[in-house]
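Engineer: Starting off with a structure, shown below.
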Amino acid sequence: MFASRQRKQSWNRRSLRLLPCPPQPSSSSAAASYADALKRVPPSKRKAKNVSLVFAKNKETSSEEVKETLLKALAPSKIKIVIRNVKKLAKGGVAIECDSVKGTESILNEINTNQQLSNTFEAKTPAKRLPRIVIYDVDEAVQKEEFVTMLISQNEGIREQDIKSSFKLKSKKAGKFHWVIETQTKTFHSLLRRKTIFFEWHRLSIREFLRPTRCYKCNRFGHISTNCQHTETCPHCGEEGHKKPKCKNEAKCINCTEANLKYKLNHEIIHAATDPCCQSLFHETDLLITRITYGL
């Protein structure tokens, strides 16, 4: 019974940041721990969060300043709402989680209709998107059109209209690719319960695909290299002028370093920007989860 209670408590943890990795950056054990962290809050246990995002219209305003101003200007008791959490965002705003949809609507209305606040801040709800699943180690010869057709024909309950988009990623195995599909929520949960799918002569492993967008040029989150306005940096040390294969510097994460400086945080920085246990990655993944529609 005690073990059962412990498992239930672990499912109820609301943030990936509550599930820290051991302090060995870039190790295989660290990578496994991050995977375990995601598994501890499975999609079937994730409830829709009632979140509003508040940003200052002055782009130089820090998230700490936004938070402090809102705490002084807004009294939850006066608008009869319950605040569960206030989280600083990496882009200079805050995420406010309420206990209900009505609470979120009240926050949005209070900020956007109050002249004093609306002159300074903009409040909105995060844009939602459908969940994604990754299917591992599909033969590289399979093309997009036949991939979807074969997937539907061999796996009961998957309809073509339920798959909204698909793309592939290179696998570490020679001659293989991982395919990522975006699906309707009902199909998403149905597939995850199966854990594998049939594909020709094989049963392929699947899992939820959660990967925040990170630029391979500057190694920062939130954009891709084709839209990057920054100078190229080394993913290992964060310095300009060289790439990872020629890097002789100590590991230093550019994202955690910048977050510490800009938002007065205390993230560990002695790791590469690609480290699976990076606190900035945890933060971005946590935000990504709040933007996904799980239909629960």
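Chain labels follow the order of the structure tokens: the first chain is A, the next B, and so on; residue numbering restarts at 1 in every chain, and ligands are counted from 1 in their shown order.
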Can you tell me which residues surround Leu265 of chain A at a distance of at most 9 Å, considering only C-alpha atoms, apart from same-chain residues fewer than 5 positions away, and format the answer as a PDB file with N, CA and C atoms, in the first residue's frame?

Structural biologist:
ATOM      1  N   CYS A 256      21.306  28.369 -20.049  1.00  0.00           N
ATOM      2  CA  CYS A 256      21.261  28.521 -18.594  1.00  0.00           C
ATOM      3  C   CYS A 256      22.065  29.730 -18.140  1.00  0.00           C
ATOM      4  N   ALA A 259      19.907  32.758 -18.961  1.00  0.00           N
ATOM      5  CA  ALA A 259      18.736  32.789 -18.080  1.00  0.00           C
ATOM      6  C   ALA A 259      19.123  33.280 -16.688  1.00  0.00           C
ATOM      7  N   ASN A 260      20.283  32.840 -16.194  1.00  0.00           N
ATOM      8  CA  ASN A 260      20.754  33.284 -14.880  1.00  0.00           C
ATOM      9  C   ASN A 260      21.010  34.787 -14.847  1.00  0.00           C
TER      10      ASN A 260
END

Engineer: Would you kindly return, as a ChimeraX atom specification, each protein, DNA or RNA residue with an atom no farther than 9 Å from any atom of Leu74 of chain A, considering only C-alpha atoms and excluding same-chain residues fewer than 5 positions away?

Structural biologist: /A:69,79,107,110-111

Engineer: Could you take the residues named above and write them with N, CA and C atoms, as a PDB file, in the first residue's frame?

Structural biologist:
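Saved as result.pdb:
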ATOM      1  N   THR A  69       5.261  43.657 -10.314  1.00  0.00           N
ATOM      2  CA  THR A  69       4.227  44.658 -10.591  1.00  0.00           C
ATOM      3  C   THR A  69       2.836  44.047 -10.474  1.00  0.00           C
ATOM      4  N   ILE A  79     -11.067  39.733  -7.127  1.00  0.00           N
ATOM      5  CA  ILE A  79     -11.736  39.206  -8.331  1.00  0.00           C
ATOM      6  C   ILE A  79     -12.124  37.734  -8.154  1.00  0.00           C
ATOM      7  N   ILE A 107      -8.548  36.813 -14.969  1.00  0.00           N
ATOM      8  CA  ILE A 107      -7.215  37.415 -15.038  1.00  0.00           C
ATOM      9  C   ILE A 107      -7.061  38.188 -16.352  1.00  0.00           C
ATOM     10  N   GLU A 110      -9.217  41.321 -16.304  1.00  0.00           N
ATOM     11  CA  GLU A 110      -8.728  42.334 -15.359  1.00  0.00           C
ATOM     12  C   GLU A 110      -7.524  43.092 -15.934  1.00  0.00           C
ATOM     13  N   ILE A 111      -6.623  42.386 -16.587  1.00  0.00           N
ATOM     14  CA  ILE A 111      -5.419  43.027 -17.120  1.00  0.00           C
ATOM     15  C   ILE A 111      -5.718  43.806 -18.398  1.00  0.00           C
TER      16      ILE A 111
END

Engineer: Calculated over only C-alpha atoms, which of the candidates A:Leu210, A:Val134, A:Val142, A:Ala127 has the smallest distance to Leu192 of chain A?

Structural biologist: A:Val134

Engineer: Have a look at A:Leu288, A:Cys215, A:Ile163, A:Ala251 and name the one nearest to His271 of chain A; count only C-alpha atoms.

Structural biologist: A:Ala251

Engineer: Could you pull out the residues in segment 36-280 of chain A that DSSP calls helix (DSSP H, G or I) from the backbone, as a ChimeraX atom specification?

Structural biologist: /A:36-40,43-45,63-73,101-113,115-118,144-154,160-162,185-194,225-227,244-246,254-263,279-280

Engineer: Write out as a compact mmCIF listing (two decimals) with N, CA, C and O atoms, in the first residue's frame which residues come within 10 Å of Arg159 of chain A when counting only C-alpha atoms, dropping same-chain ones fewer than 5 positions away.

Structural biologist:
# COMPACT_ATOMS: atom_id res chain seq x y z
N VAL A 148 2.09 6.84 -44.27
CA VAL A 148 0.77 7.07 -43.69
C VAL A 148 -0.19 5.95 -44.09
O VAL A 148 -0.94 5.43 -43.26
N THR A 149 -0.15 5.55 -45.36
CA THR A 149 -1.03 4.49 -45.85
C THR A 149 -0.78 3.17 -45.13
O THR A 149 -1.72 2.49 -44.69
N LEU A 151 0.67 2.74 -42.22
CA LEU A 151 0.35 2.90 -40.81
C LEU A 151 -1.15 2.67 -40.56
O LEU A 151 -1.55 1.96 -39.64
N ILE A 152 -1.96 3.25 -41.42
CA ILE A 152 -3.42 3.14 -41.28
C ILE A 152 -3.90 1.72 -41.57
O ILE A 152 -4.75 1.18 -40.86
N SER A 153 -3.34 1.11 -42.61
CA SER A 153 -3.84 -0.20 -43.05
C SER A 153 -3.53 -1.32 -42.07
O SER A 153 -4.25 -2.32 -42.00
N THR A 183 -1.38 14.03 -34.14
CA THR A 183 -2.66 13.35 -34.23
C THR A 183 -3.73 14.03 -33.38
O THR A 183 -3.44 14.81 -32.48
N GLN A 184 -4.98 13.67 -33.67
CA GLN A 184 -6.08 14.06 -32.80
C GLN A 184 -5.88 13.42 -31.42
O GLN A 184 -5.27 12.34 -31.30
N THR A 187 -6.87 9.63 -30.86
CA THR A 187 -5.93 8.71 -31.51
C THR A 187 -4.60 8.67 -30.76
O THR A 187 -4.00 7.61 -30.59

Engineer: Select, from A:Lys195, A:Cys234, A:Cys278, A:Arg211, the residue with the minimum atom-to-atom distance to Lys246 of chain A, counting only C-alpha atoms.

Structural biologist: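 Among the listed residues, A:Cys234 lies closest to Lys246 of chain A.
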
Engineer: From a DSSP calculation on the backbone, collect every residue of segment 22-181 of chain A in strand (DSSP E) and output the set as JSON, numbers by chain.

Structural biologist: {"A": [50, 51, 52, 53, 54, 55, 56, 83, 84, 85, 86, 87, 88, 93, 94, 95, 96, 97, 98, 121, 122, 123, 124, 132, 133, 134, 135, 136, 137, 138, 139, 163, 164, 165, 166, 167, 168, 169, 170, 176, 177, 178, 179, 180, 181]}

Engineer: Could you work out how far atom CA of Thr233 of chain A lies from atom CA of Tyr216 of chain A, giving the answer in Å with one decimal?

Structural biologist: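 That distance, rounded to one decimal, is 8.9 Å.
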
Engineer: Which of these, A:Ala123, A:Leu169, A:Val94, A:Ala273, has the shortest distance to Glu65 of chain A once you count only C-alpha atoms?

Structural biologist: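 Of the candidates, the smallest distance to Glu65 of chain A is held by A:Val94.
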
Engineer: Using only C-alpha atoms, which residues sit within 7 Å of Thr104 of chain A once same-chain residues fewer than 3 positions away are excluded, as a list in words?

Structural biologist: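 Skipping anything fewer than 3 positions along the chain leaves Asn50, Val51, Ser52, Cys98, Ser100, Val101, Ile107 and Leu108 of chain A.
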
Engineer: Could you tell me how far atom CA of Arg193 of chain A lies from atom CA of Ile289 of chain A, in Å and to one decimal?

Structural biologist: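 Going from atom CA of Arg193 of chain A over to atom CA of Ile289 of chain A covers 18.8 Å.
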
Engineer: When you look at Ser171 of chain A with a cut-off of 10 Å (counting only C-alpha atoms), what residues show up, excluding the ones that are within fewer than 6 positions of it in the same chain? I need them as a ChimeraX atom specification.

Structural biologist: /A:136-140,177-179

Engineer: As an exercise, work out the distance from atom CA of Asp162 of chain A to atom CA of Thr290 of chain A in Å and give it to one decimal place.

Structural biologist: 21.5 Å
